[in-house]
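Participant: Contents of query-v8.txt (compact mmCIF, C-alpha atoms):
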```txt
# COMPACT_ATOMS: atom_id res chain seq x y z
CA MET A 955 -0.47 34.44 -53.52
CA GLU A 956 0.33 31.16 -55.25
CA GLU A 957 2.73 32.95 -57.58
CA ILE A 958 4.88 34.26 -54.74
CA LYS A 959 4.85 30.86 -53.02
CA SER A 960 6.05 29.14 -56.18
CA ALA A 961 8.66 31.86 -56.75
CA LEU A 962 10.01 31.46 -53.20
CA HIS A 963 9.97 27.68 -53.62
CA GLU A 964 12.01 28.06 -56.80
CA VAL A 965 14.53 30.33 -55.03
CA TYR A 966 14.94 27.82 -52.20
CA GLY A 967 15.24 24.95 -54.69
CA THR A 968 17.96 26.73 -56.64
CA GLN A 969 19.84 27.49 -53.43
CA ASN A 970 19.64 23.81 -52.46
CA LYS A 971 20.94 22.66 -55.84
CA VAL A 972 23.93 24.99 -55.66
CA ILE A 973 24.66 23.93 -52.07
CA LEU A 974 24.52 20.25 -53.02
CA LEU A 975 26.79 20.79 -56.03
CA THR A 976 29.38 22.68 -54.03
CA THR A 977 29.27 20.20 -51.16
CA PHE A 978 29.57 17.27 -53.57
CA LEU A 979 32.69 18.76 -55.15
CA GLU A 980 34.16 19.41 -51.70
CA SER A 981 33.42 15.83 -50.66
CA ILE A 982 35.32 14.59 -53.71
CA VAL A 983 38.32 16.59 -52.50
CA VAL A 984 37.88 15.12 -49.00
CA PHE A 985 37.75 11.65 -50.55
CA LEU A 986 40.92 12.21 -52.55
CA ILE A 987 42.83 13.61 -49.58
CA SER A 988 41.66 10.89 -47.17
CA TYR A 989 42.39 8.18 -49.74
CA THR A 990 45.91 9.52 -50.25
CA VAL A 991 46.57 9.70 -46.51
CA LEU A 992 45.19 6.21 -45.91
CA LEU A 993 47.22 4.90 -48.84
CA LEU A 994 50.42 6.41 -47.41
CA ILE A 995 49.90 4.90 -43.96
CA ASN A 996 48.79 1.60 -45.52
CA PHE A 997 45.42 1.51 -43.75
CA PHE A 998 41.97 0.52 -45.02
CA LYS A 999 41.50 2.69 -48.08
CA ASN A 1000 37.76 2.01 -48.27
CA ILE A 1001 37.23 4.12 -45.15
CA SER A 1002 37.84 7.19 -47.32
CA ILE A 1003 34.47 6.61 -49.01
CA ILE A 1004 32.75 6.61 -45.62
CA ILE A 1005 34.62 9.78 -44.64
CA ALA A 1006 33.56 11.53 -47.87
CA ILE A 1007 29.92 10.44 -47.51
CA GLY A 1008 29.87 11.57 -43.89
CA TYR A 1009 31.36 14.92 -44.87
CA PHE A 1010 28.79 15.35 -47.64
CA LEU A 1011 25.83 14.53 -45.38
CA TYR A 1012 27.01 16.72 -42.49
CA LYS A 1013 27.94 19.76 -44.58
CA SER A 1014 24.81 19.54 -46.74
CA TYR A 1015 22.60 19.40 -43.66
CA LYS A 1016 24.35 22.37 -42.03
CA ARG A 1017 24.37 24.53 -45.15
CA ILE A 1018 20.78 23.83 -46.19
CA ASN A 1019 19.53 24.62 -42.70
CA ASN A 1020 21.56 27.86 -42.55
CA LYS A 1021 20.55 29.29 -45.94
CA SER A 1022 18.44 32.40 -46.03
CA LEU A 1023 16.83 34.82 -48.40
CA ARG A 1024 19.33 37.42 -47.24
CA ASP A 1025 22.00 35.58 -49.26
CA VAL A 1026 19.94 36.08 -52.40
CA GLU A 1027 19.39 39.74 -51.56
CA GLU A 1028 23.10 40.34 -51.00
CA ARG A 1029 23.93 39.00 -54.43
CA ASN A 1030 21.02 40.84 -56.04
CA PRO A 1031 20.83 44.34 -54.54
CA PHE A 1032 17.67 45.28 -56.43
CA LEU A 1033 15.81 42.78 -54.20
CA ALA A 1034 17.00 44.48 -51.00
CA GLU A 1035 14.59 43.51 -48.23
CA LYS A 1036 11.70 43.03 -50.65
CA LEU A 1037 12.17 39.27 -50.89
CA ARG A 1038 12.24 38.73 -47.12
CA THR A 1039 9.30 41.05 -46.62
CA ALA A 1040 7.27 39.18 -49.24
CA ALA A 1041 8.10 35.88 -47.52
CA ASP A 1042 7.11 37.30 -44.13
CA THR A 1043 3.75 38.57 -45.39
CA LEU A 1044 2.52 35.36 -47.00
CA LEU A 1045 -0.47 35.19 -44.66
CA PHE A 1046 -1.58 38.77 -45.30
CA ASP A 1047 -3.54 39.98 -48.27
CA ASN A 1048 -4.07 43.67 -48.93
CA PHE A 1049 -3.26 46.21 -51.61
CA MET A 1050 0.30 46.99 -50.46
CA VAL A 1051 1.20 43.33 -50.05
CA GLN A 1052 -0.13 42.60 -53.54
CA LYS A 1053 2.00 45.39 -55.03
CA LEU A 1054 5.04 44.11 -53.14
CA ARG A 1055 4.48 40.60 -54.46
CA GLU A 1056 4.13 41.86 -58.02
CA SER A 1057 7.34 43.84 -57.62
CA VAL A 1058 9.23 40.85 -56.20
CA ILE A 1059 8.02 38.51 -58.94
CA SER A 1060 9.05 40.96 -61.67
CA ASP A 1061 12.44 41.46 -59.98
CA LEU A 1062 12.97 37.72 -59.57
CA SER A 1063 12.70 37.33 -63.34
CA GLN A 1064 15.95 39.33 -63.56
CA VAL A 1065 17.81 37.05 -61.15
CA ARG A 1066 20.22 34.71 -62.91
CA ILE A 1067 21.20 31.31 -61.58
CA SER A 1068 24.84 32.32 -61.88
CA THR A 1069 24.34 34.77 -58.99
CA PHE A 1070 23.78 31.81 -56.67
CA ILE A 1071 27.11 30.21 -57.61
CA ASP A 1072 30.36 31.26 -55.98
CA VAL A 1073 32.66 30.91 -59.00
CA LYS A 1074 35.87 31.56 -57.04
CA LYS A 1075 35.06 28.78 -54.60
CA LEU A 1076 34.24 26.33 -57.39
CA PHE A 1077 37.45 27.27 -59.20
CA LYS A 1078 39.50 26.62 -56.07
CA ILE A 1079 37.84 23.25 -55.52
CA THR A 1080 38.41 22.26 -59.14
CA ALA A 1081 42.06 23.37 -58.95
CA VAL A 1082 42.61 21.25 -55.85
CA MET A 1083 41.07 18.23 -57.58
CA CYS A 1084 43.40 18.59 -60.55
```
Would you mind giving the structure from this file in structure tokens?
Facilitator:
Amino acid sequence: MEEIKSALHEVYGTQNKVILLTTFLESIVVFLISYTVLLLINFFKNISIIIAIGYFLYKSYKRINNKSLRDVEERNPFLAEKLRTAADTLLFDNFMVQKLRESVISDLSQVRISTFIDVKKLFKITAVMC
């Protein structure tokens, strides 16, 4: 049972890292846009830092609280419903649950970190920053 808990913890941790990276890059774009606007209207340019930090904190909170295992399953079809079922049956311990956990752990070894990253979105953010 400890193996599945650590595997689920690793999945959630990887999701959080990707969310924080994406949100950080978006907040840099928000900073650049707000700085440019405040520079054009000759207002306090330092407020753009506060705007970017506020954006980062708000979006990170919303995205981390709205993440789910379904997102992982959509990007990795061979985990279809197995991952959520394994997470739902953490308190149970019988033969079928053990086989499910073994199956999920072996399937999770095939999941690549790149499946968590939305490359198109990161490319768009990077293009806007340039």
Participant: Quick one: everything within 9 Å of Met955 of chain A, counting all atoms listed in the file, minus sequence neighbours fewer than 4 positions away in the same chain. Send it as a PyMOL selection string.
Facilitator: chain A and resi 959-960+1044-1045+1047+1052+1055
Participant: Tell me, in Å to one decimal, how far atom CA of Ile973 of chain A is from atom CA of Ala961 of chain A.
Facilitator: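 Interatomic distance, atom CA of Ile973 of chain A to atom CA of Ala961 of chain A: 18.5 Å.
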Participant: Compare A:Val991, A:Ile1067, A:Ile1001, A:Ile982 by their minimum atom-to-atom distance to Tyr966 of chain A, counting all atoms listed in the file, and give me the closest one.
Facilitator: A:Ile1067
Participant: Distance cut-off 12 Å, centre (18.0, 24.8, -49.3) in file coordinates, counting all atoms listed in the file: which residues qualify? Return them as a PyMOL selection string.
Facilitator: chain A and resi 962-975+1014-1023+1025-1026+1070
Participant: Give me, please, the distance in Å between atom CA of Leu1037 of chain A and atom CA of Tyr1012 of chain A, quoted to one decimal.
Facilitator: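 Rounded to one decimal, the two atoms are 28.3 Å apart.
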